[in-house]
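coords.txt, holding compact mmCIF, C-alpha atoms:
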# COMPACT_ATOMS: atom_id res chain seq x y z
CA MET G 283 0.92 -17.84 20.77
CA SER G 284 -0.47 -19.41 23.88
CA LEU G 285 -1.35 -17.17 26.78
CA PRO G 286 0.56 -18.37 29.84
CA LEU G 287 3.67 -19.64 28.04
CA LEU G 288 4.74 -16.40 26.36
CA ALA G 289 6.29 -13.49 28.20
CA ALA G 290 5.47 -10.01 26.91
CA SER G 291 9.12 -9.45 26.02
CA ASP G 292 8.99 -12.31 23.48
CA PHE G 293 6.32 -10.54 21.47
CA ASP G 294 7.81 -9.52 18.10
CA PRO G 295 5.15 -8.59 15.53
CA VAL G 296 7.77 -7.70 12.87
CA ALA G 297 9.06 -11.29 12.81
CA GLU G 298 6.02 -12.50 10.84
CA PHE G 299 7.00 -10.22 7.97
CA THR G 300 10.71 -11.08 7.80
CA ASN G 301 11.35 -14.59 9.17
CA PHE G 302 9.48 -16.49 6.46
CA ILE G 303 12.19 -15.62 3.92
CA ASP G 304 14.55 -18.06 5.67
CA HIS G 305 11.98 -20.88 5.67
CA PRO G 306 10.77 -21.37 2.09
CA TYR G 307 8.48 -24.28 1.27
CA VAL G 308 10.47 -25.10 -1.88
CA ASP G 309 14.08 -23.96 -2.06
CA LEU G 310 15.00 -22.91 -5.61
CA PRO G 311 18.18 -21.23 -6.94
CA LEU G 312 18.45 -17.51 -7.80
CA GLY G 313 16.19 -16.58 -4.90
CA LEU G 314 13.13 -17.99 -6.72
CA ASP G 315 12.00 -19.75 -3.54
CA ILE G 316 8.36 -20.63 -3.08
CA ASN G 317 7.60 -19.14 0.32
CA LYS G 318 4.63 -17.71 2.17
CA ALA G 319 4.45 -14.54 0.05
CA VAL G 320 4.38 -16.57 -3.17
CA ILE G 321 1.54 -18.75 -1.82
CA TYR G 322 -0.42 -15.60 -0.96
CA LEU G 323 0.23 -14.23 -4.47
CA TRP G 324 -1.06 -17.46 -6.03
CA ILE G 325 -4.20 -17.52 -3.88
CA SER G 326 -5.08 -13.90 -4.58
CA GLY G 327 -4.26 -14.19 -8.28
CA LEU G 328 -6.44 -17.29 -8.57
CA LEU G 329 -9.34 -15.64 -6.71
CA ALA G 330 -9.03 -12.44 -8.77
CA VAL G 331 -9.41 -14.53 -11.95
CA VAL G 332 -11.92 -17.14 -10.80
CA LEU G 333 -14.43 -15.00 -8.88
CA PRO G 334 -15.31 -12.63 -11.79
CA LEU G 335 -15.34 -15.60 -14.21
CA LEU G 336 -17.82 -17.46 -11.98
CA ILE G 337 -20.10 -14.42 -11.80
CA ILE G 338 -20.01 -13.93 -15.58
CA ARG G 339 -20.33 -17.63 -16.53
CA ARG G 340 -23.38 -17.99 -14.30
CA GLY G 341 -25.17 -15.75 -16.78
CA LEU G 342 -25.71 -12.02 -16.43
CA LYS G 343 -29.26 -11.00 -15.68
CA ALA G 344 -31.23 -7.85 -16.47
CA ARG G 345 -32.22 -7.77 -12.79
CA PRO G 346 -28.82 -8.23 -11.11
CA ASP G 347 -28.47 -10.03 -7.80
CA GLY G 348 -25.95 -9.18 -5.08
CA ALA G 349 -22.86 -10.72 -6.65
CA GLN G 350 -23.54 -9.25 -10.08
CA THR G 351 -24.20 -5.80 -8.60
CA THR G 352 -20.88 -5.92 -6.77
CA ALA G 353 -19.03 -6.95 -9.92
CA GLU G 354 -20.72 -4.18 -11.89
CA ILE G 355 -19.77 -1.58 -9.26
CA VAL G 356 -16.13 -2.74 -9.32
CA TYR G 357 -16.08 -2.57 -13.13
CA ASP G 358 -17.71 0.85 -13.10
CA VAL G 359 -15.18 2.22 -10.59
CA ALA G 360 -12.30 0.74 -12.62
CA GLU G 361 -13.57 2.24 -15.88
CA ASN G 362 -14.96 5.63 -14.88
CA GLN G 363 -13.11 6.59 -11.71
CA ILE G 364 -9.69 5.09 -12.43
CA ALA G 365 -9.09 4.65 -16.17
CA ARG G 366 -11.04 7.60 -17.57
CA ALA G 367 -9.52 9.96 -14.99
CA GLY G 368 -6.01 9.31 -16.27
CA LEU G 369 -5.92 7.65 -19.69
CA PRO G 370 -6.76 9.45 -22.95
CA GLU G 371 -9.93 8.19 -24.65
CA GLU G 372 -8.15 6.65 -27.66
CA ASN G 373 -5.82 4.57 -25.44
CA MET G 374 -8.58 3.16 -23.24
CA ARG G 375 -8.72 -0.10 -25.23
CA THR G 376 -4.98 -0.67 -24.77
CA TRP G 377 -4.42 0.21 -21.14
CA PHE G 378 -7.79 -0.06 -19.40
CA PRO G 379 -7.32 -3.85 -18.99
CA TYR G 380 -3.92 -3.31 -17.34
CA VAL G 381 -5.19 -0.67 -14.93
CA ALA G 382 -8.32 -2.67 -14.05
CA THR G 383 -6.19 -5.79 -13.48
CA LEU G 384 -3.93 -3.84 -11.12
CA PHE G 385 -6.99 -2.63 -9.20
CA VAL G 386 -8.63 -6.04 -8.79
CA PHE G 387 -5.39 -7.94 -8.14
CA ILE G 388 -4.05 -5.53 -5.49
CA TRP G 389 -7.47 -5.30 -3.84
CA MET G 390 -7.68 -9.09 -3.67
CA MET G 391 -4.15 -9.32 -2.23
CA ASN G 392 -5.04 -6.74 0.42
CA LEU G 393 -8.32 -8.44 1.34
CA ILE G 394 -6.75 -11.91 1.58
CA GLY G 395 -4.14 -10.30 3.83
CA PHE G 396 -6.71 -9.57 6.54
CA ILE G 397 -8.13 -13.09 6.71
CA PRO G 398 -6.26 -15.32 9.20
CA LEU G 399 -4.78 -18.25 7.26
CA PRO G 400 -2.67 -21.17 8.56
CA PHE G 401 0.69 -20.14 7.09
CA ALA G 402 2.63 -19.07 10.20
CA ASP G 403 6.18 -20.27 10.81
CA GLU G 404 5.24 -21.37 14.32
CA HIS G 405 3.55 -24.76 14.51
CA VAL G 406 1.24 -26.25 17.08
CA ASP G 407 1.00 -29.97 17.81
CA LEU G 408 -2.53 -31.22 17.53
CA TRP G 409 -3.34 -34.94 17.69
CA GLY G 410 0.20 -35.77 16.60
CA LEU G 411 0.10 -33.41 13.62
CA SER G 412 2.25 -30.29 13.32
CA ILE G 413 -0.19 -27.64 12.13
CA PRO G 414 0.89 -24.06 11.32
CA LYS G 415 -0.76 -21.38 13.41
CA PHE G 416 -3.19 -18.91 11.91
CA GLN G 417 -1.89 -15.44 11.18
CA ILE G 418 -2.60 -12.43 9.00
CA TYR G 419 -0.03 -11.67 6.33
CA ALA G 420 -0.43 -9.81 3.04
CA ALA G 421 1.58 -10.29 -0.13
CA THR G 422 1.52 -6.50 -0.54
CA ALA G 423 3.21 -6.09 2.87
CA ASN G 424 6.34 -7.16 1.01
CA LEU G 425 8.45 -4.62 -0.88
CA SER G 426 9.38 -7.09 -3.65
CA VAL G 427 5.74 -7.47 -4.69
CA THR G 428 4.87 -3.77 -4.70
CA LEU G 429 8.16 -2.79 -6.36
CA THR G 430 7.57 -5.33 -9.15
CA LEU G 431 4.12 -3.89 -9.84
CA THR G 432 5.59 -0.37 -9.75
CA LEU G 433 8.32 -1.35 -12.23
CA CYS G 434 5.63 -2.66 -14.63
CA THR G 435 3.93 0.74 -14.54
CA PHE G 436 7.29 2.53 -14.80
CA PHE G 437 8.38 0.69 -17.95
CA ILE G 438 4.94 0.92 -19.59
CA GLN G 439 4.88 4.67 -18.90
CA HIS G 440 8.24 5.36 -20.56
CA PHE G 441 7.62 2.90 -23.39
CA GLU G 442 4.32 4.53 -24.25
CA GLY G 443 5.79 8.03 -23.89
CA VAL G 444 8.60 7.23 -26.34
CA ARG G 445 6.23 5.40 -28.72
CA HIS G 446 3.77 8.30 -28.95
CA ASN G 447 6.11 11.31 -28.77
CA GLY G 448 9.50 10.05 -29.98
CA PRO G 449 12.49 9.83 -27.64
CA LEU G 450 13.45 13.52 -27.82
CA GLY G 451 9.88 14.77 -27.76
CA TYR G 452 9.16 12.63 -24.70
CA LEU G 453 12.23 13.87 -22.81
CA LYS G 454 11.30 17.44 -23.74
CA SER G 455 7.78 16.90 -22.39
CA TRP G 456 9.18 16.36 -18.88
CA MET G 457 10.11 20.07 -18.74
CA PRO G 458 7.27 22.31 -17.56
CA SER G 459 5.83 24.68 -20.18
CA GLY G 460 6.54 28.43 -20.19
CA LEU G 461 10.30 28.21 -19.62
CA PRO G 462 12.68 30.73 -21.23
CA LYS G 463 14.69 29.74 -24.31
CA PHE G 464 18.07 28.05 -23.83
CA ALA G 465 20.79 30.73 -23.61
CA LEU G 466 23.96 31.29 -21.61
CA LYS G 467 22.06 33.29 -19.02
CA THR G 468 19.24 30.79 -18.47
CA ALA G 469 21.35 27.63 -18.77
CA PRO G 470 21.96 27.07 -15.01
CA LEU G 471 18.27 27.47 -14.24
CA LEU G 472 17.21 25.12 -17.05
CA ILE G 473 19.77 22.49 -16.05
CA LEU G 474 18.56 22.69 -12.44
CA ILE G 475 14.93 22.26 -13.52
CA ALA G 476 15.85 19.32 -15.78
CA PHE G 477 17.70 17.72 -12.86
CA ILE G 478 14.70 18.15 -10.56
CA GLU G 479 12.33 16.71 -13.19
CA VAL G 480 14.52 13.62 -13.68
CA ILE G 481 14.65 13.12 -9.90
CA SER G 482 10.87 13.48 -9.64
CA GLN G 483 10.40 10.81 -12.32
CA LEU G 484 12.64 8.42 -10.38
CA VAL G 485 11.02 9.24 -7.03
CA ARG G 486 7.74 7.90 -8.48
CA LEU G 487 9.27 4.43 -8.20
CA VAL G 488 9.81 4.91 -4.47
CA SER G 489 6.56 6.70 -3.71
CA LEU G 490 4.29 4.31 -5.59
CA SER G 491 5.82 1.15 -4.13
CA PHE G 492 6.41 2.44 -0.59
CA ARG G 493 2.87 3.80 -0.24
CA LEU G 494 1.27 0.40 -0.81
CA PHE G 495 3.96 -1.56 1.08
CA PHE G 496 4.01 0.54 4.24
CA ASN G 497 0.24 1.05 4.33
CA LEU G 498 -0.27 -2.70 4.52
CA LEU G 499 2.75 -3.37 6.74
CA ALA G 500 1.86 -0.61 9.22
CA GLY G 501 -1.79 -1.69 9.20
CA HIS G 502 -0.89 -5.27 10.07
CA LEU G 503 1.62 -4.14 12.70
CA VAL G 504 -0.88 -1.84 14.42
CA ILE G 505 -3.47 -4.63 14.55
CA ALA G 506 -0.83 -7.03 15.90
CA VAL G 507 0.37 -4.53 18.53
CA PHE G 508 -3.12 -3.70 19.83
CA LEU G 509 -4.22 -7.33 19.94
CA GLY G 510 -0.83 -8.17 21.46
CA ILE G 511 -1.46 -5.62 24.21
CA ALA G 512 -4.89 -7.17 24.81
CA VAL G 513 -3.73 -10.78 24.82
CA LEU G 514 -0.30 -10.55 26.47
CA LEU G 515 -0.64 -7.72 28.96
CA GLY G 516 -4.43 -7.98 29.31
CA GLY G 517 -4.13 -11.73 29.90
CA GLY G 518 -3.02 -11.16 33.46
CA GLN G 519 0.68 -10.27 33.19
CA ALA G 520 0.31 -6.52 33.77
CA VAL G 521 -0.78 -5.11 37.12
CA PHE G 522 -3.72 -3.19 35.64
CA TRP G 523 -4.51 -5.91 33.12
CA PRO G 524 -8.24 -5.07 32.62
CA VAL G 525 -7.15 -1.63 31.35
CA HIS G 526 -4.93 -3.22 28.72
CA LEU G 527 -7.69 -5.60 27.72
CA LEU G 528 -10.31 -2.83 27.51
CA ILE G 529 -8.05 -0.61 25.38
CA GLY G 530 -6.34 -3.24 23.26
CA LEU G 531 -9.24 -5.40 22.14
CA PRO G 532 -11.69 -2.70 20.90
CA MET G 533 -8.88 -0.73 19.26
CA GLY G 534 -7.54 -3.81 17.51
CA ILE G 535 -10.99 -4.71 16.20
CA ALA G 536 -11.66 -1.11 15.14
CA ILE G 537 -8.36 -0.81 13.23
CA PHE G 538 -9.02 -4.19 11.64
CA GLY G 539 -12.43 -2.98 10.43
CA LEU G 540 -10.95 0.25 9.08
CA GLU G 541 -8.16 -1.54 7.25
CA PHE G 542 -10.40 -4.28 5.83
CA THR G 543 -13.20 -2.04 4.59
CA LEU G 544 -11.43 1.20 3.64
CA ILE G 545 -7.65 0.97 3.36
CA ALA G 546 -7.50 -2.31 1.40
CA GLY G 547 -9.72 -0.98 -1.39
CA LEU G 548 -8.42 2.58 -1.21
CA GLN G 549 -4.78 1.62 -1.68
CA ALA G 550 -5.65 -0.57 -4.68
CA PHE G 551 -7.67 2.33 -6.09
CA ILE G 552 -4.80 4.78 -5.55
CA PHE G 553 -2.19 2.48 -7.10
CA ALA G 554 -4.33 1.89 -10.20
CA SER G 555 -5.31 5.59 -10.44
CA LEU G 556 -1.73 6.79 -10.27
CA SER G 557 -0.66 4.17 -12.82
CA ALA G 558 -3.37 5.42 -15.19
CA ILE G 559 -2.36 9.05 -14.59
CA TYR G 560 1.34 8.31 -15.17
CA ILE G 561 0.68 6.34 -18.38
CA GLY G 562 -1.82 8.90 -19.64
CA GLY G 563 0.54 11.75 -18.82
CA ALA G 564 3.33 10.11 -20.81
CA ILE G 565 1.08 9.58 -23.87
CA HIS G 566 -0.39 13.10 -23.85
CA PRO G 567 2.06 15.35 -22.01
CA ASP G 568 0.11 18.56 -22.63
CA HIS G 569 -2.67 17.69 -20.18
CA MET F 207 27.14 3.99 32.18
CA ALA F 208 28.75 3.54 28.79
CA LEU F 209 26.88 4.28 25.59
CA THR F 210 27.38 0.71 24.43
CA ASP F 211 25.17 -0.52 27.25
CA THR F 212 22.38 -2.67 25.75
CA GLY F 213 19.61 -1.32 27.93
CA LEU F 214 20.45 2.27 27.02
CA THR F 215 20.69 1.41 23.31
CA ASP F 216 17.34 -0.32 23.43
CA ALA F 217 15.79 2.69 25.15
CA ALA F 218 17.29 5.05 22.58
CA LYS F 219 16.01 2.87 19.73
CA ALA F 220 12.52 2.76 21.19
CA LEU F 221 12.56 6.55 21.59
CA GLU F 222 13.87 6.98 18.05
CA LEU F 223 11.08 4.91 16.52
CA GLY F 224 8.39 6.75 18.44
CA LEU F 225 9.80 10.23 17.94
CA ALA F 226 10.57 9.85 14.23
CA THR F 227 7.14 8.44 13.42
CA GLY F 228 5.35 10.90 15.69
CA PHE F 229 7.04 14.01 14.31
CA GLY F 230 6.69 12.65 10.80
CA ALA F 231 2.94 12.32 11.30
CA ILE F 232 2.40 15.99 12.25
CA GLY F 233 2.68 17.48 8.76
CA PRO F 234 0.66 14.85 6.89
CA GLY F 235 -1.96 15.01 9.65
CA ILE F 236 -2.43 18.73 9.00
CA GLY F 237 -2.43 18.07 5.25
CA VAL F 238 -5.05 15.32 5.42
CA GLY F 239 -7.24 17.58 7.56
CA PHE F 240 -6.94 20.32 4.95
CA ILE F 241 -7.89 17.97 2.12
CA PHE F 242 -11.03 16.64 3.82
CA GLY F 243 -12.03 20.10 5.10
CA LYS F 244 -11.65 21.73 1.69
CA THR F 245 -13.59 18.90 0.03
CA ILE F 246 -16.46 19.32 2.49
CA GLU F 247 -16.38 23.06 1.83
CA SER F 248 -16.44 22.52 -1.94
CA VAL F 249 -19.30 20.04 -1.76
CA GLY F 250 -21.18 22.57 0.35
CA ARG F 251 -20.69 25.16 -2.37
CA GLN F 252 -21.38 22.89 -5.36
CA PRO F 253 -23.11 19.65 -4.27
CA GLU F 254 -23.45 18.49 -7.91
CA LEU F 255 -19.65 18.02 -8.18
CA ARG F 256 -19.58 15.57 -5.27
CA GLY F 257 -18.58 12.51 -7.33
CA GLN F 258 -15.61 14.15 -9.05
CA LEU F 259 -14.45 15.84 -5.86
CA GLN F 260 -14.49 12.56 -3.96
CA GLY F 261 -12.16 10.92 -6.46
CA LEU F 262 -9.74 13.84 -6.19
CA MET F 263 -10.06 13.81 -2.40
CA TRP F 264 -9.00 10.15 -2.07
CA LEU F 265 -6.11 10.73 -4.46
CA GLY F 266 -4.89 13.73 -2.46
CA PHE F 267 -5.44 11.85 0.80
CA ALA F 268 -3.27 8.94 -0.33
CA LEU F 269 -0.52 11.18 -1.68
CA THR F 270 -0.37 13.11 1.61
CA GLU F 271 -0.69 10.06 3.82
CA ALA F 272 2.28 8.40 2.09
CA ILE F 273 4.59 10.96 3.73
CA VAL F 274 3.94 9.36 7.14
CA PHE F 275 5.24 6.11 5.72
CA TYR F 276 8.48 7.72 4.56
CA ALA F 277 9.07 8.73 8.18
CA LEU F 278 8.03 5.29 9.41
CA GLY F 279 10.25 3.59 6.85
CA MET F 280 13.29 5.67 7.77
CA ALA F 281 12.55 5.06 11.46
CA PHE F 282 12.50 1.29 10.83
CA VAL F 283 15.77 1.52 8.89
CA ALA F 284 17.44 3.43 11.71
CA PHE F 285 15.89 1.04 14.23
CA SER F 286 17.26 -2.05 12.56
CA ILE F 287 20.79 -0.95 11.53
CA VAL F 288 21.95 0.62 14.83
Go through the file and emit its structure as structure tokens.
Amino acid sequence: MSLPLLAASDFDPVAEFTNFIDHPYVDLPLGLDINKAVIYLWISGLLAVVLPLLIIRRGLKARPDGAQTTAEIVYDVAENQIARAGLPEENMRTWFPYVATLFVFIWMMNLIGFIPLPFADEHVDLWGLSIPKFQIYAATANLSVTLTLTLCTFFIQHFEGVRHNGPLGYLKSWMPSGLPKFALKTAPLLILIAFIEVISQLVRLVSLSFRLFFNLLAGHLVIAVFLGIAVLLGGGQAVFWPVHLLIGLPMGIAIFGLEFTLIAGLQAFIFASLSAIYIGGAIHPDH
Amino acid sequence: MALTDTGLTDAAKALELGLATGFGAIGPGIGVGFIFGKTIESVGRQPELRGQLQGLMWLGFALTEAIVFYALGMAFVAFSIV
């Protein structure tokens, strides 16, 4: 967006997160288009695989340098804080890789999302070339991505629950312990509790996916709104434009710092932790 | 002025988005405050449990904070379908 050409009323931060669906790079049937979100997924997936490989292939040292220390901290958090907090000890070998992959992949997607990359729908003409403008967009600020990851966890949870406890035993484990025996008198209460438990299992789909999606979407929107205030209104269009500039710019930078350092990692941590807790809870319902 | 007037509808939509998100943020705000306050209290009582308590604190923080986003999500839905 160029300063003098754009009126404040044209500013629509939500458009970055919806309009790209209509402009895919490669148009494929069944909605399998290759669009901006897919490119972001590829970049973050590639980085999440290549960066750890580079650090390991370089040779691990007894006196670790900066990169190796960082990798070791990430591994330690994934093993001790995330996997061990939720998964039973005997299932660590099976599901620790999945949980750690979720953590690293989502974290990478979130971090890439805060780096301005030239993938915007709007183009600028520079020396006869049409170059896309820089923007911040995250693959996780897209409900399809987070819901797919949530569905992976959802199916693994129920598959493991049925595998370890049997179908009936697993369904029975949803009911809280200490309930009265099934009789004519207690039947309405038990049916109500069973109904609530089934709903709470299904609500996990919504809560797990919406938490990640809206955290990233709202974070990007708040940054865009504050910087928009600074650039559009603070650029001379408003009467008290220095006020807009003085409020918008520091707030935008502060929110950006908060999101990049804390929220990006925290949301990946939470998603992986809850996945581990759900899978572990299905394998061993008693604790 | 009729209710179908665009200016009035826009104003109502803007109010709706702000009010829904704002009211939705009250409860989780109190909850997040509780979680951090209680964690600080617990660490003050038993500083050796700091590591475990921090993990629990971030988990509780994220679970509580997600409620704001339900309000925000519903506000966006109402904003875009009216």
#### Entry: Contact residues (chain F, partner chain G, 7 Å, all atoms listed in the file) as a ChimeraX atom specification
/F:261,265,268,272,275
Selected residues written out, C-alpha atoms, as a compact mmCIF listing (two decimals), in the frame of the given file:
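See out.txt below for the written result:
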# COMPACT_ATOMS: atom_id res chain seq x y z
CA GLY F 261 -12.16 10.92 -6.46
CA LEU F 265 -6.11 10.73 -4.46
CA ALA F 268 -3.27 8.94 -0.33
CA ALA F 272 2.28 8.40 2.09
CA PHE F 275 5.24 6.11 5.72
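Near Ile394 of chain G, within 9 Å and counting all atoms listed in the file, sit G:Tyr322, G:Ile325, G:Ser326, G:Trp389, G:Met390, G:Met391, G:Asn392, G:Phe396, G:Ile397, G:Pro398, G:Leu399, G:Ile418, G:Tyr419, G:Ala420, G:Ala421, not including residues fewer than 2 positions from it in the same chain.
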What box, with edges along x, y and z, holds each listed atom of segment 225-231 of chain F when 3 Å is added on every side, and can you state its centre and edge lengths in Å to one decimal, as lines of an AutoDock Vina configuration file?
center_x = 6.8
center_y = 11.2
center_z = 14.4
size_x = 13.6
size_y = 11.6
size_z = 13.1
### Task
Take atom CA of Leu472 of chain G and atom CA of Arg486 of chain G and report the distance between them in Å, one decimal.
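Going from atom CA of Leu472 of chain G over to atom CA of Arg486 of chain G, I get 21.4 Å.
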### Task
Give as a ChimeraX atom specification the set of residues within 12 Å of the point (-17.9, -4.9, -4.3), where distances use the file's coordinates and only C-alpha atoms.
/G:333-334,348-360,386,389-390,393,543-544,547
### Task
Kindly give the distance, in Å, that separates atom CA of Ala284 of chain F and atom CA of Leu498 of chain G, rounded to a single decimal.
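Pair atom CA of Ala284 of chain F / atom CA of Leu498 of chain G returns 20.1 Å.
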### Query
Please, what distance in Å, to one decimal, runs between atom CA of Ser248 of chain F and atom CA of Met263 of chain F?
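Atom-to-atom, atom CA of Ser248 of chain F to atom CA of Met263 of chain F, that is 10.8 Å.
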Reconstructed N, CA and C atoms for segment 508-537 of chain G, given as a PDB file, keeping the file's coordinate frame:
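Saved the output as result-v3.pdb:
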ATOM      1  N   PHE G 508      -1.963  -3.894  18.948  1.00  0.00           N
ATOM      2  CA  PHE G 508      -3.120  -3.700  19.830  1.00  0.00           C
ATOM      3  C   PHE G 508      -3.637  -5.032  20.357  1.00  0.00           C
ATOM      4  N   LEU G 509      -3.758  -6.021  19.477  1.00  0.00           N
ATOM      5  CA  LEU G 509      -4.220  -7.330  19.940  1.00  0.00           C
ATOM      6  C   LEU G 509      -3.172  -7.972  20.854  1.00  0.00           C
ATOM      7  N   GLY G 510      -1.876  -7.670  20.585  1.00  0.00           N
ATOM      8  CA  GLY G 510      -0.830  -8.170  21.460  1.00  0.00           C
ATOM      9  C   GLY G 510      -0.938  -7.580  22.860  1.00  0.00           C
ATOM     10  N   ILE G 511      -1.239  -6.264  22.910  1.00  0.00           N
ATOM     11  CA  ILE G 511      -1.460  -5.620  24.210  1.00  0.00           C
ATOM     12  C   ILE G 511      -2.615  -6.314  24.924  1.00  0.00           C
ATOM     13  N   ALA G 512      -3.705  -6.571  24.186  1.00  0.00           N
ATOM     14  CA  ALA G 512      -4.890  -7.170  24.810  1.00  0.00           C
ATOM     15  C   ALA G 512      -4.596  -8.568  25.308  1.00  0.00           C
ATOM     16  N   VAL G 513      -3.891  -9.364  24.478  1.00  0.00           N
ATOM     17  CA  VAL G 513      -3.730 -10.780  24.820  1.00  0.00           C
ATOM     18  C   VAL G 513      -2.605 -10.985  25.832  1.00  0.00           C
ATOM     19  N   LEU G 514      -1.449 -10.295  25.611  1.00  0.00           N
ATOM     20  CA  LEU G 514      -0.300 -10.550  26.470  1.00  0.00           C
ATOM     21  C   LEU G 514      -0.400  -9.822  27.794  1.00  0.00           C
ATOM     22  N   LEU G 515      -0.580  -8.487  27.720  1.00  0.00           N
ATOM     23  CA  LEU G 515      -0.640  -7.720  28.960  1.00  0.00           C
ATOM     24  C   LEU G 515      -2.016  -7.857  29.608  1.00  0.00           C
ATOM     25  N   GLY G 516      -3.082  -7.873  28.769  1.00  0.00           N
ATOM     26  CA  GLY G 516      -4.430  -7.980  29.310  1.00  0.00           C
ATOM     27  C   GLY G 516      -4.741  -9.374  29.817  1.00  0.00           C
ATOM     28  N   GLY G 517      -3.882 -10.349  29.468  1.00  0.00           N
ATOM     29  CA  GLY G 517      -4.130 -11.730  29.900  1.00  0.00           C
ATOM     30  C   GLY G 517      -3.715 -11.993  31.327  1.00  0.00           C
ATOM     31  N   GLY G 518      -3.325 -10.970  32.058  1.00  0.00           N
ATOM     32  CA  GLY G 518      -3.020 -11.160  33.460  1.00  0.00           C
ATOM     33  C   GLY G 518      -1.584 -10.868  33.830  1.00  0.00           C
ATOM     34  N   GLN G 519      -0.723 -10.520  32.858  1.00  0.00           N
ATOM     35  CA  GLN G 519       0.680 -10.270  33.190  1.00  0.00           C
ATOM     36  C   GLN G 519       0.906  -8.877  33.750  1.00  0.00           C
ATOM     37  N   ALA G 520       0.144  -7.889  33.268  1.00  0.00           N
ATOM     38  CA  ALA G 520       0.310  -6.520  33.770  1.00  0.00           C
ATOM     39  C   ALA G 520      -0.472  -6.347  35.062  1.00  0.00           C
ATOM     40  N   VAL G 521      -0.103  -5.331  35.844  1.00  0.00           N
ATOM     41  CA  VAL G 521      -0.780  -5.110  37.120  1.00  0.00           C
ATOM     42  C   VAL G 521      -2.215  -4.667  36.868  1.00  0.00           C
ATOM     43  N   PHE G 522      -2.367  -3.676  35.949  1.00  0.00           N
ATOM     44  CA  PHE G 522      -3.720  -3.190  35.640  1.00  0.00           C
ATOM     45  C   PHE G 522      -4.215  -3.877  34.374  1.00  0.00           C
ATOM     46  N   TRP G 523      -4.245  -5.202  34.362  1.00  0.00           N
ATOM     47  CA  TRP G 523      -4.510  -5.910  33.120  1.00  0.00           C
ATOM     48  C   TRP G 523      -5.888  -5.647  32.519  1.00  0.00           C
ATOM     49  N   PRO G 524      -6.970  -5.362  33.296  1.00  0.00           N
ATOM     50  CA  PRO G 524      -8.240  -5.070  32.620  1.00  0.00           C
ATOM     51  C   PRO G 524      -8.165  -3.825  31.740  1.00  0.00           C
ATOM     52  N   VAL G 525      -7.299  -2.842  32.158  1.00  0.00           N
ATOM     53  CA  VAL G 525      -7.150  -1.630  31.350  1.00  0.00           C
ATOM     54  C   VAL G 525      -6.579  -1.984  29.987  1.00  0.00           C
ATOM     55  N   HIS G 526      -5.537  -2.812  29.981  1.00  0.00           N
ATOM     56  CA  HIS G 526      -4.930  -3.220  28.720  1.00  0.00           C
ATOM     57  C   HIS G 526      -5.933  -3.953  27.842  1.00  0.00           C
ATOM     58  N   LEU G 527      -6.716  -4.823  28.480  1.00  0.00           N
ATOM     59  CA  LEU G 527      -7.690  -5.600  27.720  1.00  0.00           C
ATOM     60  C   LEU G 527      -8.762  -4.680  27.136  1.00  0.00           C
ATOM     61  N   LEU G 528      -9.233  -3.714  27.952  1.00  0.00           N
ATOM     62  CA  LEU G 528     -10.310  -2.830  27.510  1.00  0.00           C
ATOM     63  C   LEU G 528      -9.840  -1.883  26.410  1.00  0.00           C
ATOM     64  N   ILE G 529      -8.546  -1.491  26.432  1.00  0.00           N
ATOM     65  CA  ILE G 529      -8.050  -0.610  25.380  1.00  0.00           C
ATOM     66  C   ILE G 529      -7.653  -1.422  24.154  1.00  0.00           C
ATOM     67  N   GLY G 530      -6.923  -2.511  24.381  1.00  0.00           N
ATOM     68  CA  GLY G 530      -6.340  -3.240  23.260  1.00  0.00           C
ATOM     69  C   GLY G 530      -7.350  -3.920  22.366  1.00  0.00           C
ATOM     70  N   LEU G 531      -8.315  -4.591  22.956  1.00  0.00           N
ATOM     71  CA  LEU G 531      -9.240  -5.400  22.140  1.00  0.00           C
ATOM     72  C   LEU G 531     -10.127  -4.537  21.248  1.00  0.00           C
ATOM     73  N   PRO G 532     -10.847  -3.508  21.796  1.00  0.00           N
ATOM     74  CA  PRO G 532     -11.690  -2.700  20.900  1.00  0.00           C
ATOM     75  C   PRO G 532     -10.872  -1.957  19.839  1.00  0.00           C
ATOM     76  N   MET G 533      -9.689  -1.451  20.228  1.00  0.00           N
ATOM     77  CA  MET G 533      -8.880  -0.730  19.260  1.00  0.00           C
ATOM     78  C   MET G 533      -8.404  -1.655  18.143  1.00  0.00           C
ATOM     79  N   GLY G 534      -7.982  -2.856  18.517  1.00  0.00           N
ATOM     80  CA  GLY G 534      -7.540  -3.810  17.510  1.00  0.00           C
ATOM     81  C   GLY G 534      -8.652  -4.143  16.529  1.00  0.00           C
ATOM     82  N   ILE G 535      -9.853  -4.374  17.071  1.00  0.00           N
ATOM     83  CA  ILE G 535     -10.990  -4.710  16.200  1.00  0.00           C
ATOM     84  C   ILE G 535     -11.357  -3.517  15.326  1.00  0.00           C
ATOM     85  N   ALA G 536     -11.304  -2.298  15.909  1.00  0.00           N
ATOM     86  CA  ALA G 536     -11.660  -1.110  15.140  1.00  0.00           C
ATOM     87  C   ALA G 536     -10.676  -0.877  13.994  1.00  0.00           C
ATOM     88  N   ILE G 537      -9.369  -1.002  14.286  1.00  0.00           N
ATOM     89  CA  ILE G 537      -8.360  -0.810  13.230  1.00  0.00           C
ATOM     90  C   ILE G 537      -8.516  -1.874  12.173  1.00  0.00           C
TER      91      ILE G 537
END
